[in-house]
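Peer 1: Contents of upload-v3.pdb (PDB, C-alpha atoms):
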```
ATOM      1  CA  MET A   9     105.459  78.076  56.529
ATOM      2  CA  ILE A  10     106.927  76.899  53.232
ATOM      3  CA  ARG A  11     105.461  73.460  53.831
ATOM      4  CA  THR A  12     101.941  74.979  53.898
ATOM      5  CA  VAL A  13     102.181  76.003  50.226
ATOM      6  CA  ALA A  14     104.628  73.398  48.886
ATOM      7  CA  VAL A  15     102.358  70.359  49.288
ATOM      8  CA  ALA A  16      98.979  69.443  47.820
ATOM      9  CA  PRO A  17      96.248  71.611  49.344
ATOM     10  CA  THR A  18      94.124  69.958  52.009
ATOM     11  CA  TYR A  19      91.527  71.434  54.334
ATOM     12  CA  LYS A  20      94.034  71.267  57.183
ATOM     13  CA  GLY A  21      96.726  73.005  55.132
ATOM     14  CA  VAL A  22      94.335  75.724  53.978
ATOM     15  CA  GLY A  23      93.209  76.197  57.585
ATOM     16  CA  VAL A  24      96.788  76.591  58.807
ATOM     17  CA  LEU A  25      97.512  79.072  56.036
ATOM     18  CA  ALA A  26      94.365  81.050  56.924
ATOM     19  CA  VAL A  27      95.461  81.204  60.570
ATOM     20  CA  ILE A  28      98.915  82.434  59.544
ATOM     21  CA  VAL A  29      97.373  85.128  57.317
ATOM     22  CA  GLY A  30      95.041  86.175  60.141
ATOM     23  CA  ILE A  31      97.869  86.465  62.657
ATOM     24  CA  ARG A  32     100.030  88.463  60.239
ATOM     25  CA  THR A  33      97.134  90.804  59.459
ATOM     26  CA  PHE A  34      96.439  91.373  63.150
ATOM     27  CA  LEU A  35     100.107  92.057  63.875
ATOM     28  CA  SER A  36     100.350  94.452  60.928
ATOM     29  CA  PHE A  37      97.335  96.460  62.087
ATOM     30  CA  SER A  38      98.620  96.479  65.673
ATOM     31  CA  LEU A  39     102.024  97.708  64.574
ATOM     32  CA  GLU A  40     100.482 100.445  62.420
ATOM     33  CA  LEU A  41      98.371 101.590  65.373
ATOM     34  CA  GLU A  42     101.398 101.683  67.674
ATOM     35  CA  ILE A  43     103.584 103.610  65.219
ATOM     36  CA  THR A  44     101.124 106.191  63.878
ATOM     37  CA  GLY A  45      98.482 106.241  66.609
ATOM     38  CA  ARG A  46      95.656 105.609  64.125
ATOM     39  CA  TRP A  47      94.182 102.740  62.136
ATOM     40  CA  PRO A  48      95.393 102.307  58.522
ATOM     41  CA  TRP A  49      91.997 103.333  57.111
ATOM     42  CA  GLN A  50      91.763 106.554  59.156
ATOM     43  CA  LYS A  51      92.846 109.817  57.580
ATOM     44  CA  PRO A  52      95.720 111.657  59.268
ATOM     45  CA  VAL A  53      94.691 114.450  61.607
ATOM     46  CA  ALA A  54      95.568 117.890  60.258
ATOM     47  CA  GLU A  55      97.988 119.735  62.521
ATOM     48  CA  ALA A  56      96.922 123.116  63.874
ATOM     49  CA  LYS A  57      98.889 126.098  62.596
ATOM     50  CA  ASP A  58      99.728 129.015  64.909
TER      51      ASP A  58
END
```
Kindly present the structure from the file in structure tokens form.
Peer 2:
Amino acid sequence: MIRTVAVAPTYKGVGVLAVIVGIRTFLSFSLELEITGRWPWQKPVAEAKD
């Protein structure tokens, strides 16, 4: 991963970096959905009071 930003930028290097960013974003959203049960942009559901 360090090699992708430590060398002169090429189309291949930028493509690899874009794929890494895409995978990390997908994993982050998936983890958020698993932990909270909602997407990051959804508001939390208000709990009902008895």
Peer 1: Have a look at atom CA of A:Arg32 and atom CA of A:Ala16 and let me know their distance in Å, one decimal.
Peer 2: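 One can read the atom CA of A:Arg32 to atom CA of A:Ala16 distance as 22.7 Å.
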Peer 1: Please measure the separation of atom CA of A:Val53 and atom CA of A:Leu41, giving the value in Å to one decimal.
Peer 2: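 These two atoms are separated by 13.9 Å.
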Peer 1: Could you tell me how far atom CA of A:Val22 sits from atom CA of A:Ser36, in Å to one decimal place?
Peer 2: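 It comes out at 20.9 Å.
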Peer 1: Quick one: which residues end up in the PyMOL selection byres ((chain A and resi 48) around 12) for this structure, as a PDB file with C-alpha atoms, keeping the file's coordinate frame?
Peer 2:
```pdb
ATOM      1  CA  THR A  33      97.134  90.804  59.459  1.00  0.00           C
ATOM      2  CA  PHE A  34      96.439  91.373  63.150  1.00  0.00           C
ATOM      3  CA  SER A  36     100.350  94.452  60.928  1.00  0.00           C
ATOM      4  CA  PHE A  37      97.335  96.460  62.087  1.00  0.00           C
ATOM      5  CA  SER A  38      98.620  96.479  65.673  1.00  0.00           C
ATOM      6  CA  LEU A  39     102.024  97.708  64.574  1.00  0.00           C
ATOM      7  CA  GLU A  40     100.482 100.445  62.420  1.00  0.00           C
ATOM      8  CA  LEU A  41      98.371 101.590  65.373  1.00  0.00           C
ATOM      9  CA  GLU A  42     101.398 101.683  67.674  1.00  0.00           C
ATOM     10  CA  ILE A  43     103.584 103.610  65.219  1.00  0.00           C
ATOM     11  CA  THR A  44     101.124 106.191  63.878  1.00  0.00           C
ATOM     12  CA  GLY A  45      98.482 106.241  66.609  1.00  0.00           C
ATOM     13  CA  ARG A  46      95.656 105.609  64.125  1.00  0.00           C
ATOM     14  CA  TRP A  47      94.182 102.740  62.136  1.00  0.00           C
ATOM     15  CA  TRP A  49      91.997 103.333  57.111  1.00  0.00           C
ATOM     16  CA  GLN A  50      91.763 106.554  59.156  1.00  0.00           C
ATOM     17  CA  LYS A  51      92.846 109.817  57.580  1.00  0.00           C
ATOM     18  CA  PRO A  52      95.720 111.657  59.268  1.00  0.00           C
TER      19      PRO A  52
END
```
